[in-house]
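Structure file query-v1.txt with compact mmCIF, N, CA, C and O atoms:
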# COMPACT_ATOMS: atom_id res chain seq x y z
N LEU S 1 -8.72 12.27 -4.26
CA LEU S 1 -9.75 11.56 -5.01
C LEU S 1 -10.16 10.26 -4.32
O LEU S 1 -11.33 9.92 -4.30
N VAL S 2 -9.17 9.55 -3.79
CA VAL S 2 -9.49 8.31 -3.08
C VAL S 2 -10.38 8.61 -1.88
O VAL S 2 -11.41 7.96 -1.69
N ALA S 3 -10.00 9.60 -1.09
CA ALA S 3 -10.77 9.95 0.10
C ALA S 3 -12.19 10.38 -0.25
O ALA S 3 -13.12 10.16 0.52
N ALA S 4 -12.35 10.95 -1.43
CA ALA S 4 -13.67 11.40 -1.88
C ALA S 4 -14.48 10.26 -2.50
O ALA S 4 -15.62 10.47 -2.90
N GLY S 5 -13.87 9.09 -2.59
CA GLY S 5 -14.58 7.94 -3.15
C GLY S 5 -14.60 7.90 -4.67
O GLY S 5 -15.30 7.09 -5.26
N ARG S 6 -13.83 8.75 -5.29
CA ARG S 6 -13.78 8.80 -6.76
C ARG S 6 -12.69 7.83 -7.23
O ARG S 6 -11.66 8.23 -7.76
N LEU S 7 -12.95 6.54 -7.01
CA LEU S 7 -11.93 5.52 -7.20
C LEU S 7 -11.50 5.33 -8.64
O LEU S 7 -10.32 5.15 -8.92
N ASP S 8 -12.45 5.35 -9.56
CA ASP S 8 -12.08 5.18 -10.97
C ASP S 8 -11.17 6.30 -11.45
O ASP S 8 -10.17 6.06 -12.11
N GLU S 9 -11.53 7.52 -11.08
CA GLU S 9 -10.74 8.68 -11.46
C GLU S 9 -9.36 8.62 -10.79
O GLU S 9 -8.33 8.87 -11.43
N ALA S 10 -9.35 8.29 -9.51
CA ALA S 10 -8.08 8.19 -8.78
C ALA S 10 -7.19 7.12 -9.39
O ALA S 10 -5.97 7.31 -9.52
N GLU S 11 -7.77 5.99 -9.76
CA GLU S 11 -6.99 4.92 -10.36
C GLU S 11 -6.38 5.38 -11.69
O GLU S 11 -5.21 5.12 -11.96
N GLY S 12 -7.15 6.08 -12.48
CA GLY S 12 -6.63 6.59 -13.75
C GLY S 12 -5.46 7.53 -13.55
O GLY S 12 -4.44 7.42 -14.25
N VAL S 13 -5.58 8.43 -12.60
CA VAL S 13 -4.50 9.37 -12.31
C VAL S 13 -3.26 8.62 -11.82
O VAL S 13 -2.14 8.88 -12.27
N ALA S 14 -3.46 7.67 -10.91
CA ALA S 14 -2.32 6.93 -10.36
C ALA S 14 -1.61 6.13 -11.46
O ALA S 14 -0.38 6.08 -11.50
N ARG S 15 -2.37 5.52 -12.33
CA ARG S 15 -1.75 4.74 -13.42
C ARG S 15 -0.98 5.64 -14.38
O ARG S 15 0.08 5.26 -14.88
N GLN S 16 -1.49 6.83 -14.62
CA GLN S 16 -0.77 7.80 -15.44
C GLN S 16 0.55 8.19 -14.77
O GLN S 16 1.58 8.33 -15.43
N MET S 17 0.51 8.37 -13.47
CA MET S 17 1.71 8.72 -12.72
C MET S 17 2.76 7.61 -12.85
O MET S 17 3.95 7.88 -12.99
N LEU S 18 2.30 6.35 -12.80
CA LEU S 18 3.23 5.23 -12.91
C LEU S 18 3.82 5.10 -14.31
O LEU S 18 4.93 4.59 -14.47
N LEU S 19 3.09 5.58 -15.31
CA LEU S 19 3.65 5.57 -16.67
C LEU S 19 4.85 6.50 -16.75
O LEU S 19 5.80 6.24 -17.49
N ARG S 20 4.81 7.58 -15.99
CA ARG S 20 5.91 8.54 -15.97
C ARG S 20 7.04 8.09 -15.06
O ARG S 20 8.20 8.38 -15.31
N ASP S 21 6.66 7.42 -13.96
CA ASP S 21 7.66 6.99 -12.97
C ASP S 21 7.14 5.75 -12.26
O ASP S 21 6.24 5.84 -11.43
N GLN S 22 7.73 4.60 -12.56
CA GLN S 22 7.29 3.33 -11.97
C GLN S 22 7.46 3.29 -10.45
O GLN S 22 6.87 2.46 -9.79
N ASP S 23 8.28 4.17 -9.93
CA ASP S 23 8.55 4.22 -8.50
C ASP S 23 7.85 5.38 -7.80
O ASP S 23 8.31 5.84 -6.76
N ASP S 24 6.75 5.83 -8.36
CA ASP S 24 6.01 6.94 -7.75
C ASP S 24 5.29 6.42 -6.50
O ASP S 24 4.34 5.65 -6.59
N PHE S 25 5.79 6.84 -5.35
CA PHE S 25 5.25 6.37 -4.07
C PHE S 25 3.76 6.66 -3.96
O PHE S 25 2.97 5.78 -3.59
N ALA S 26 3.36 7.89 -4.24
CA ALA S 26 1.96 8.29 -4.07
C ALA S 26 1.04 7.45 -4.94
O ALA S 26 -0.07 7.09 -4.51
N ALA S 27 1.48 7.13 -6.14
CA ALA S 27 0.66 6.32 -7.04
C ALA S 27 0.48 4.91 -6.48
O ALA S 27 -0.64 4.38 -6.48
N HIS S 28 1.55 4.31 -6.00
CA HIS S 28 1.43 2.97 -5.43
C HIS S 28 0.56 2.97 -4.18
O HIS S 28 -0.26 2.06 -3.98
N PHE S 29 0.73 3.97 -3.34
CA PHE S 29 -0.07 4.04 -2.13
C PHE S 29 -1.55 4.19 -2.48
O PHE S 29 -2.41 3.51 -1.91
N ALA S 30 -1.84 5.07 -3.44
CA ALA S 30 -3.23 5.27 -3.87
C ALA S 30 -3.81 3.98 -4.44
O ALA S 30 -4.94 3.61 -4.12
N LEU S 31 -3.05 3.29 -5.28
CA LEU S 31 -3.55 2.05 -5.87
C LEU S 31 -3.78 0.97 -4.80
O LEU S 31 -4.73 0.19 -4.91
N GLY S 32 -2.95 0.96 -3.78
CA GLY S 32 -3.18 0.04 -2.67
C GLY S 32 -4.47 0.36 -1.94
O GLY S 32 -5.28 -0.53 -1.65
N GLU S 33 -4.69 1.63 -1.66
CA GLU S 33 -5.93 2.03 -0.98
C GLU S 33 -7.15 1.76 -1.84
O GLU S 33 -8.19 1.33 -1.33
N ILE S 34 -7.04 2.01 -3.13
CA ILE S 34 -8.16 1.76 -4.04
C ILE S 34 -8.51 0.28 -4.05
O ILE S 34 -9.68 -0.11 -3.96
N ALA S 35 -7.49 -0.57 -4.15
CA ALA S 35 -7.73 -2.01 -4.14
C ALA S 35 -8.42 -2.43 -2.84
O ALA S 35 -9.35 -3.24 -2.85
N LEU S 36 -7.98 -1.87 -1.72
CA LEU S 36 -8.61 -2.18 -0.43
C LEU S 36 -10.08 -1.78 -0.41
O LEU S 36 -10.93 -2.54 0.02
N ARG S 37 -10.35 -0.58 -0.85
CA ARG S 37 -11.74 -0.09 -0.84
C ARG S 37 -12.63 -0.93 -1.75
O ARG S 37 -13.83 -1.03 -1.51
N ARG S 38 -12.04 -1.52 -2.76
CA ARG S 38 -12.81 -2.38 -3.67
C ARG S 38 -12.87 -3.82 -3.17
O ARG S 38 -13.46 -4.67 -3.82
N GLY S 39 -12.22 -4.10 -2.05
CA GLY S 39 -12.25 -5.44 -1.49
C GLY S 39 -11.26 -6.40 -2.12
O GLY S 39 -11.43 -7.61 -2.04
N HIS S 40 -10.21 -5.87 -2.74
CA HIS S 40 -9.21 -6.69 -3.42
C HIS S 40 -7.88 -6.65 -2.66
O HIS S 40 -6.90 -6.07 -3.14
N SER S 41 -7.85 -7.26 -1.50
CA SER S 41 -6.64 -7.25 -0.67
C SER S 41 -5.44 -7.80 -1.41
O SER S 41 -4.33 -7.30 -1.27
N ASP S 42 -5.67 -8.84 -2.21
CA ASP S 42 -4.57 -9.47 -2.93
C ASP S 42 -3.90 -8.51 -3.91
O ASP S 42 -2.71 -8.62 -4.17
N GLN S 43 -4.66 -7.56 -4.43
CA GLN S 43 -4.10 -6.56 -5.33
C GLN S 43 -3.44 -5.41 -4.57
O GLN S 43 -2.56 -4.73 -5.10
N ALA S 44 -3.87 -5.19 -3.34
CA ALA S 44 -3.33 -4.09 -2.55
C ALA S 44 -1.93 -4.41 -2.02
O ALA S 44 -1.06 -3.54 -1.97
N ILE S 45 -1.71 -5.65 -1.65
CA ILE S 45 -0.45 -6.04 -1.01
C ILE S 45 0.78 -5.66 -1.83
O ILE S 45 1.71 -5.06 -1.28
N PRO S 46 0.83 -5.98 -3.12
CA PRO S 46 2.04 -5.61 -3.88
C PRO S 46 2.31 -4.11 -3.90
O PRO S 46 3.47 -3.68 -3.90
N HIS S 47 1.25 -3.31 -3.90
CA HIS S 47 1.45 -1.85 -3.90
C HIS S 47 2.04 -1.38 -2.58
O HIS S 47 2.94 -0.54 -2.57
N PHE S 48 1.55 -1.92 -1.47
CA PHE S 48 2.11 -1.50 -0.18
C PHE S 48 3.53 -2.03 0.00
O PHE S 48 4.37 -1.34 0.59
N ARG S 49 3.81 -3.19 -0.53
CA ARG S 49 5.20 -3.69 -0.48
C ARG S 49 6.12 -2.78 -1.30
O ARG S 49 7.24 -2.49 -0.89
N ARG S 50 5.65 -2.35 -2.44
CA ARG S 50 6.45 -1.43 -3.27
C ARG S 50 6.66 -0.12 -2.52
O ARG S 50 7.76 0.43 -2.54
N CYS S 51 5.63 0.37 -1.86
CA CYS S 51 5.77 1.59 -1.07
C CYS S 51 6.88 1.43 -0.04
O CYS S 51 7.69 2.34 0.16
N LEU S 52 6.93 0.28 0.59
CA LEU S 52 7.93 0.06 1.64
C LEU S 52 9.32 -0.13 1.07
O LEU S 52 10.31 0.16 1.74
N ARG S 53 9.43 -0.58 -0.17
CA ARG S 53 10.76 -0.59 -0.80
C ARG S 53 11.22 0.83 -1.09
O ARG S 53 12.41 1.13 -1.01
N LEU S 54 10.27 1.70 -1.40
CA LEU S 54 10.60 3.09 -1.69
C LEU S 54 10.82 3.91 -0.42
O LEU S 54 11.63 4.83 -0.40
N ASP S 55 10.06 3.60 0.62
CA ASP S 55 10.15 4.31 1.90
C ASP S 55 9.93 3.30 3.02
O ASP S 55 8.80 3.11 3.49
N PRO S 56 10.99 2.62 3.45
CA PRO S 56 10.86 1.51 4.40
C PRO S 56 10.20 1.85 5.73
O PRO S 56 9.69 0.97 6.40
N GLY S 57 10.16 3.09 6.10
CA GLY S 57 9.58 3.45 7.38
C GLY S 57 8.19 4.07 7.30
O GLY S 57 7.69 4.57 8.30
N HIS S 58 7.57 4.03 6.16
CA HIS S 58 6.26 4.68 6.01
C HIS S 58 5.22 3.93 6.85
O HIS S 58 4.85 2.80 6.56
N VAL S 59 4.75 4.60 7.90
CA VAL S 59 3.88 3.97 8.88
C VAL S 59 2.55 3.52 8.26
O VAL S 59 2.04 2.44 8.57
N GLY S 60 1.99 4.32 7.39
CA GLY S 60 0.72 3.94 6.76
C GLY S 60 0.84 2.66 5.95
O GLY S 60 -0.02 1.77 6.04
N SER S 61 1.91 2.55 5.19
CA SER S 61 2.14 1.34 4.40
C SER S 61 2.40 0.14 5.29
O SER S 61 1.91 -0.97 5.03
N LEU S 62 3.16 0.35 6.36
CA LEU S 62 3.42 -0.73 7.31
C LEU S 62 2.12 -1.21 7.94
O LEU S 62 1.90 -2.42 8.11
N ALA S 63 1.25 -0.28 8.31
CA ALA S 63 -0.01 -0.64 8.95
C ALA S 63 -0.92 -1.42 8.00
O ALA S 63 -1.47 -2.47 8.37
N TYR S 64 -1.07 -0.90 6.78
CA TYR S 64 -1.90 -1.61 5.81
C TYR S 64 -1.34 -3.00 5.53
O TYR S 64 -2.06 -3.99 5.55
N LEU S 65 -0.04 -3.08 5.26
CA LEU S 65 0.55 -4.36 4.92
C LEU S 65 0.46 -5.33 6.10
O LEU S 65 0.11 -6.50 5.92
N GLY S 66 0.74 -4.85 7.29
CA GLY S 66 0.64 -5.69 8.46
C GLY S 66 -0.74 -6.29 8.63
O GLY S 66 -0.89 -7.49 8.87
N ARG S 67 -1.74 -5.46 8.48
CA ARG S 67 -3.12 -5.94 8.61
C ARG S 67 -3.46 -6.97 7.53
O ARG S 67 -4.05 -8.01 7.80
N LEU S 68 -3.06 -6.68 6.31
CA LEU S 68 -3.41 -7.55 5.19
C LEU S 68 -2.72 -8.91 5.28
O LEU S 68 -3.34 -9.94 5.05
N VAL S 69 -1.44 -8.90 5.61
CA VAL S 69 -0.74 -10.19 5.69
C VAL S 69 -1.19 -10.98 6.92
O VAL S 69 -1.22 -12.21 6.88
N LEU S 70 -1.58 -10.29 7.98
CA LEU S 70 -2.12 -10.99 9.14
C LEU S 70 -3.41 -11.70 8.76
O LEU S 70 -3.63 -12.86 9.15
N GLU S 71 -4.25 -11.03 7.99
CA GLU S 71 -5.50 -11.65 7.52
C GLU S 71 -5.23 -12.89 6.67
O GLU S 71 -6.05 -13.79 6.62
N GLN S 72 -4.08 -12.92 6.02
CA GLN S 72 -3.72 -14.07 5.19
C GLN S 72 -2.96 -15.14 5.99
O GLN S 72 -2.54 -16.14 5.44
N GLY S 73 -2.79 -14.89 7.28
CA GLY S 73 -2.13 -15.86 8.13
C GLY S 73 -0.62 -15.76 8.16
O GLY S 73 0.05 -16.62 8.74
N GLU S 74 -0.06 -14.72 7.56
CA GLU S 74 1.39 -14.52 7.54
C GLU S 74 1.80 -13.74 8.80
O GLU S 74 2.13 -12.56 8.75
N LYS S 75 1.77 -14.44 9.92
CA LYS S 75 1.98 -13.79 11.22
C LYS S 75 3.37 -13.19 11.37
O LYS S 75 3.51 -12.11 11.94
N ALA S 76 4.38 -13.87 10.87
CA ALA S 76 5.75 -13.36 11.04
C ALA S 76 5.94 -12.03 10.31
O ALA S 76 6.51 -11.09 10.86
N GLU S 77 5.43 -11.94 9.09
CA GLU S 77 5.56 -10.69 8.35
C GLU S 77 4.73 -9.59 9.00
O GLU S 77 5.17 -8.44 9.09
N ALA S 78 3.54 -9.94 9.46
CA ALA S 78 2.70 -8.96 10.14
C ALA S 78 3.40 -8.43 11.39
O ALA S 78 3.42 -7.21 11.63
N LEU S 79 4.00 -9.32 12.14
CA LEU S 79 4.71 -8.92 13.35
C LEU S 79 5.87 -7.98 13.03
O LEU S 79 6.08 -6.98 13.73
N ARG S 80 6.60 -8.26 11.95
CA ARG S 80 7.69 -7.36 11.53
C ARG S 80 7.15 -5.97 11.23
O ARG S 80 7.73 -4.96 11.62
N CYS S 81 6.01 -5.91 10.53
CA CYS S 81 5.41 -4.61 10.20
C CYS S 81 5.02 -3.86 11.46
O CYS S 81 5.33 -2.67 11.62
N PHE S 82 4.34 -4.54 12.37
CA PHE S 82 3.85 -3.88 13.57
C PHE S 82 4.99 -3.46 14.49
O PHE S 82 4.94 -2.39 15.11
N ARG S 83 6.03 -4.27 14.56
CA ARG S 83 7.21 -3.87 15.37
C ARG S 83 7.88 -2.63 14.80
O ARG S 83 8.31 -1.76 15.55
N GLU S 84 7.94 -2.57 13.48
CA GLU S 84 8.55 -1.41 12.84
C GLU S 84 7.72 -0.15 13.10
O GLU S 84 8.26 0.93 13.32
N ILE S 85 6.42 -0.29 13.10
CA ILE S 85 5.55 0.86 13.43
C ILE S 85 5.87 1.34 14.85
O ILE S 85 6.06 2.54 15.06
N LEU S 86 5.93 0.43 15.78
CA LEU S 86 6.19 0.80 17.18
C LEU S 86 7.56 1.46 17.32
O LEU S 86 7.74 2.38 18.13
N ARG S 87 8.51 1.01 16.53
CA ARG S 87 9.85 1.60 16.57
C ARG S 87 9.83 3.04 16.06
O ARG S 87 10.63 3.86 16.47
N ARG S 88 8.92 3.33 15.19
CA ARG S 88 8.90 4.64 14.52
C ARG S 88 8.01 5.68 15.20
O ARG S 88 8.15 6.85 14.92
N VAL S 89 7.07 5.24 16.00
CA VAL S 89 6.15 6.23 16.60
C VAL S 89 6.58 6.62 18.00
O VAL S 89 7.42 6.07 18.61

For the file at hand, write its structure as structure tokens.
Amino acid sequence: LVAAGRLDEAEGVARQMLLRDQDDFAAHFALGEIALRRGHSDQAIPHFRRCLRLDPGHVGSLAYLGRLVLEQGEKAEALRCFREILRRV
């Protein structure tokens, strides 16, 4: 749904998933992507951080988080994310 641009519908589905399981990786990842597409980086960051608590090596979450925190000037955290990506690929 996110890829198809159906953001409202995707958000509804993801929030329903979180009602059943607060640690649903796919729901947090989707909500992070939705926030990004809507231009709300500040809302995306917590979702990608949650994804990384659930799956510390998830390259997509590391890439998104690295980019977002770099944009906010958090160079050390961004560097940690990017180094972890390089370690994993």

Distance of atom C of S:Ala78 from atom O of S:Leu65, expressed in Å to one decimal place: 6.7 Å

Helix (DSSP H, G or I) call set, DSSP backbone run, chain S, as a ChimeraX atom specification: /S:7-20,25-37,41-54,59-71,75-88

Among the residues S:Arg87, S:Arg53, S:Asp42, S:His47, the one that comes closest to S:Gln72 [using only C-alpha atoms]: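 For S:Gln72, the nearest of the given residues is S:Asp42.
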
Nearest to S:Ala26, chosen from S:Ala76, S:Gly60, S:Arg67, S:Arg88, with only C-alpha atoms counted in the distances: S:Gly60

10 Å contact set for stretch 31-37 of chain S, only C-alpha atoms, chain neighbours under 3 positions out, as a PyMOL selection string: chain S and resi 1-3+5-8+10-15+25-28+40-51+61+64-65+68

Write out, as a compact mmCIF listing (two decimals), in the coordinates of the input, the residues just selected, with N, CA, C and O atoms.
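This went into again.txt:
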# COMPACT_ATOMS: atom_id res chain seq x y z
N LEU S 1 -8.72 12.27 -4.26
CA LEU S 1 -9.75 11.56 -5.01
C LEU S 1 -10.16 10.26 -4.32
O LEU S 1 -11.33 9.92 -4.30
N VAL S 2 -9.17 9.55 -3.79
CA VAL S 2 -9.49 8.31 -3.08
C VAL S 2 -10.38 8.61 -1.88
O VAL S 2 -11.41 7.96 -1.69
N ALA S 3 -10.00 9.60 -1.09
CA ALA S 3 -10.77 9.95 0.10
C ALA S 3 -12.19 10.38 -0.25
O ALA S 3 -13.12 10.16 0.52
N GLY S 5 -13.87 9.09 -2.59
CA GLY S 5 -14.58 7.94 -3.15
C GLY S 5 -14.60 7.90 -4.67
O GLY S 5 -15.30 7.09 -5.26
N ARG S 6 -13.83 8.75 -5.29
CA ARG S 6 -13.78 8.80 -6.76
C ARG S 6 -12.69 7.83 -7.23
O ARG S 6 -11.66 8.23 -7.76
N LEU S 7 -12.95 6.54 -7.01
CA LEU S 7 -11.93 5.52 -7.20
C LEU S 7 -11.50 5.33 -8.64
O LEU S 7 -10.32 5.15 -8.92
N ASP S 8 -12.45 5.35 -9.56
CA ASP S 8 -12.08 5.18 -10.97
C ASP S 8 -11.17 6.30 -11.45
O ASP S 8 -10.17 6.06 -12.11
N ALA S 10 -9.35 8.29 -9.51
CA ALA S 10 -8.08 8.19 -8.78
C ALA S 10 -7.19 7.12 -9.39
O ALA S 10 -5.97 7.31 -9.52
N GLU S 11 -7.77 5.99 -9.76
CA GLU S 11 -6.99 4.92 -10.36
C GLU S 11 -6.38 5.38 -11.69
O GLU S 11 -5.21 5.12 -11.96
N GLY S 12 -7.15 6.08 -12.48
CA GLY S 12 -6.63 6.59 -13.75
C GLY S 12 -5.46 7.53 -13.55
O GLY S 12 -4.44 7.42 -14.25
N VAL S 13 -5.58 8.43 -12.60
CA VAL S 13 -4.50 9.37 -12.31
C VAL S 13 -3.26 8.62 -11.82
O VAL S 13 -2.14 8.88 -12.27
N ALA S 14 -3.46 7.67 -10.91
CA ALA S 14 -2.32 6.93 -10.36
C ALA S 14 -1.61 6.13 -11.46
O ALA S 14 -0.38 6.08 -11.50
N ARG S 15 -2.37 5.52 -12.33
CA ARG S 15 -1.75 4.74 -13.42
C ARG S 15 -0.98 5.64 -14.38
O ARG S 15 0.08 5.26 -14.88
N PHE S 25 5.79 6.84 -5.35
CA PHE S 25 5.25 6.37 -4.07
C PHE S 25 3.76 6.66 -3.96
O PHE S 25 2.97 5.78 -3.59
N ALA S 26 3.36 7.89 -4.24
CA ALA S 26 1.96 8.29 -4.07
C ALA S 26 1.04 7.45 -4.94
O ALA S 26 -0.07 7.09 -4.51
N ALA S 27 1.48 7.13 -6.14
CA ALA S 27 0.66 6.32 -7.04
C ALA S 27 0.48 4.91 -6.48
O ALA S 27 -0.64 4.38 -6.48
N HIS S 28 1.55 4.31 -6.00
CA HIS S 28 1.43 2.97 -5.43
C HIS S 28 0.56 2.97 -4.18
O HIS S 28 -0.26 2.06 -3.98
N HIS S 40 -10.21 -5.87 -2.74
CA HIS S 40 -9.21 -6.69 -3.42
C HIS S 40 -7.88 -6.65 -2.66
O HIS S 40 -6.90 -6.07 -3.14
N SER S 41 -7.85 -7.26 -1.50
CA SER S 41 -6.64 -7.25 -0.67
C SER S 41 -5.44 -7.80 -1.41
O SER S 41 -4.33 -7.30 -1.27
N ASP S 42 -5.67 -8.84 -2.21
CA ASP S 42 -4.57 -9.47 -2.93
C ASP S 42 -3.90 -8.51 -3.91
O ASP S 42 -2.71 -8.62 -4.17
N GLN S 43 -4.66 -7.56 -4.43
CA GLN S 43 -4.10 -6.56 -5.33
C GLN S 43 -3.44 -5.41 -4.57
O GLN S 43 -2.56 -4.73 -5.10
N ALA S 44 -3.87 -5.19 -3.34
CA ALA S 44 -3.33 -4.09 -2.55
C ALA S 44 -1.93 -4.41 -2.02
O ALA S 44 -1.06 -3.54 -1.97
N ILE S 45 -1.71 -5.65 -1.65
CA ILE S 45 -0.45 -6.04 -1.01
C ILE S 45 0.78 -5.66 -1.83
O ILE S 45 1.71 -5.06 -1.28
N PRO S 46 0.83 -5.98 -3.12
CA PRO S 46 2.04 -5.61 -3.88
C PRO S 46 2.31 -4.11 -3.90
O PRO S 46 3.47 -3.68 -3.90
N HIS S 47 1.25 -3.31 -3.90
CA HIS S 47 1.45 -1.85 -3.90
C HIS S 47 2.04 -1.38 -2.58
O HIS S 47 2.94 -0.54 -2.57
N PHE S 48 1.55 -1.92 -1.47
CA PHE S 48 2.11 -1.50 -0.18
C PHE S 48 3.53 -2.03 0.00
O PHE S 48 4.37 -1.34 0.59
N ARG S 49 3.81 -3.19 -0.53
CA ARG S 49 5.20 -3.69 -0.48
C ARG S 49 6.12 -2.78 -1.30
O ARG S 49 7.24 -2.49 -0.89
N ARG S 50 5.65 -2.35 -2.44
CA ARG S 50 6.45 -1.43 -3.27
C ARG S 50 6.66 -0.12 -2.52
O ARG S 50 7.76 0.43 -2.54
N CYS S 51 5.63 0.37 -1.86
CA CYS S 51 5.77 1.59 -1.07
C CYS S 51 6.88 1.43 -0.04
O CYS S 51 7.69 2.34 0.16
N SER S 61 1.91 2.55 5.19
CA SER S 61 2.14 1.34 4.40
C SER S 61 2.40 0.14 5.29
O SER S 61 1.91 -0.97 5.03
N TYR S 64 -1.07 -0.90 6.78
CA TYR S 64 -1.90 -1.61 5.81
C TYR S 64 -1.34 -3.00 5.53
O TYR S 64 -2.06 -3.99 5.55
N LEU S 65 -0.04 -3.08 5.26
CA LEU S 65 0.55 -4.36 4.92
C LEU S 65 0.46 -5.33 6.10
O LEU S 65 0.11 -6.50 5.92
N LEU S 68 -3.06 -6.68 6.31
CA LEU S 68 -3.41 -7.55 5.19
C LEU S 68 -2.72 -8.91 5.28
O LEU S 68 -3.34 -9.94 5.05

Proximity to S:Ala63 - best of S:Cys81, S:Lys75, S:Gln22, S:Leu86, all atoms listed in the file: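 Residue with the minimum atom-to-atom distance to S:Ala63: S:Cys81.
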
10 Å contact set for S:Arg83, only C-alpha atoms, chain neighbours under 6 positions out, as a ChimeraX atom specification: /S:62,66,77

Two-atom distance - atom CA of S:Arg80, atom CA of S:Ala30 (Å):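 Distance between the two atoms: 22.7 Å.
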
Atom N of S:Pro56 to atom N of S:Glu84, distance in Å rounded to a single decimal: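 Pair atom N of S:Pro56 / atom N of S:Glu84 returns 11.7 Å.
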
Working from the structure I just supplied, which lacks atoms in stretch 28-34 of chain S, can you model all heavy atoms there and output them as a PDB file, keeping the file's coordinate frame?
ATOM      1  N   HIS S  28       1.550   4.310  -6.000  1.00  0.00           N
ATOM      2  CA  HIS S  28       1.430   2.970  -5.430  1.00  0.00           C
ATOM      3  C   HIS S  28       0.560   2.970  -4.180  1.00  0.00           C
ATOM      4  O   HIS S  28      -0.260   2.060  -3.980  1.00  0.00           O
ATOM      5  CB  HIS S  28       2.808   2.370  -5.137  1.00  0.00           C
ATOM      6  CG  HIS S  28       3.492   1.879  -6.354  1.00  0.00           C
ATOM      7  ND1 HIS S  28       3.084   0.750  -7.029  1.00  0.00           N
ATOM      8  CD2 HIS S  28       4.544   2.367  -7.043  1.00  0.00           C
ATOM      9  CE1 HIS S  28       3.868   0.554  -8.071  1.00  0.00           C
ATOM     10  NE2 HIS S  28       4.762   1.528  -8.106  1.00  0.00           N
ATOM     11  N   PHE S  29       0.730   3.970  -3.340  1.00  0.00           N
ATOM     12  CA  PHE S  29      -0.070   4.040  -2.130  1.00  0.00           C
ATOM     13  C   PHE S  29      -1.550   4.190  -2.480  1.00  0.00           C
ATOM     14  O   PHE S  29      -2.410   3.510  -1.910  1.00  0.00           O
ATOM     15  CB  PHE S  29       0.399   5.190  -1.228  1.00  0.00           C
ATOM     16  CG  PHE S  29      -0.160   5.126   0.154  1.00  0.00           C
ATOM     17  CD1 PHE S  29       0.385   4.256   1.099  1.00  0.00           C
ATOM     18  CD2 PHE S  29      -1.235   5.908   0.529  1.00  0.00           C
ATOM     19  CE1 PHE S  29      -0.137   4.176   2.390  1.00  0.00           C
ATOM     20  CE2 PHE S  29      -1.765   5.842   1.813  1.00  0.00           C
ATOM     21  CZ  PHE S  29      -1.218   4.977   2.740  1.00  0.00           C
ATOM     22  N   ALA S  30      -1.840   5.070  -3.440  1.00  0.00           N
ATOM     23  CA  ALA S  30      -3.230   5.270  -3.870  1.00  0.00           C
ATOM     24  C   ALA S  30      -3.810   3.980  -4.440  1.00  0.00           C
ATOM     25  O   ALA S  30      -4.940   3.610  -4.120  1.00  0.00           O
ATOM     26  CB  ALA S  30      -3.307   6.400  -4.892  1.00  0.00           C
ATOM     27  N   LEU S  31      -3.050   3.290  -5.280  1.00  0.00           N
ATOM     28  CA  LEU S  31      -3.550   2.050  -5.870  1.00  0.00           C
ATOM     29  C   LEU S  31      -3.780   0.970  -4.800  1.00  0.00           C
ATOM     30  O   LEU S  31      -4.730   0.190  -4.910  1.00  0.00           O
ATOM     31  CB  LEU S  31      -2.603   1.548  -6.959  1.00  0.00           C
ATOM     32  CG  LEU S  31      -2.606   2.399  -8.228  1.00  0.00           C
ATOM     33  CD1 LEU S  31      -1.470   1.992  -9.151  1.00  0.00           C
ATOM     34  CD2 LEU S  31      -3.954   2.307  -8.943  1.00  0.00           C
ATOM     35  N   GLY S  32      -2.950   0.960  -3.780  1.00  0.00           N
ATOM     36  CA  GLY S  32      -3.180   0.040  -2.670  1.00  0.00           C
ATOM     37  C   GLY S  32      -4.470   0.360  -1.940  1.00  0.00           C
ATOM     38  O   GLY S  32      -5.280  -0.530  -1.650  1.00  0.00           O
ATOM     39  N   GLU S  33      -4.690   1.630  -1.660  1.00  0.00           N
ATOM     40  CA  GLU S  33      -5.930   2.030  -0.980  1.00  0.00           C
ATOM     41  C   GLU S  33      -7.150   1.760  -1.840  1.00  0.00           C
ATOM     42  O   GLU S  33      -8.190   1.330  -1.330  1.00  0.00           O
ATOM     43  CB  GLU S  33      -5.870   3.506  -0.604  1.00  0.00           C
ATOM     44  CG  GLU S  33      -4.941   3.807   0.548  1.00  0.00           C
ATOM     45  CD  GLU S  33      -5.096   5.229   1.040  1.00  0.00           C
ATOM     46  OE1 GLU S  33      -5.025   6.154   0.213  1.00  0.00           O
ATOM     47  OE2 GLU S  33      -5.290   5.400   2.261  1.00  0.00           O
ATOM     48  N   ILE S  34      -7.040   2.010  -3.130  1.00  0.00           N
ATOM     49  CA  ILE S  34      -8.160   1.760  -4.040  1.00  0.00           C
ATOM     50  C   ILE S  34      -8.510   0.280  -4.050  1.00  0.00           C
ATOM     51  O   ILE S  34      -9.680  -0.110  -3.960  1.00  0.00           O
ATOM     52  CB  ILE S  34      -7.816   2.266  -5.461  1.00  0.00           C
ATOM     53  CG1 ILE S  34      -7.765   3.794  -5.470  1.00  0.00           C
ATOM     54  CG2 ILE S  34      -8.829   1.745  -6.481  1.00  0.00           C
ATOM     55  CD1 ILE S  34      -7.082   4.386  -6.696  1.00  0.00           C
TER      56      ILE S  34
END
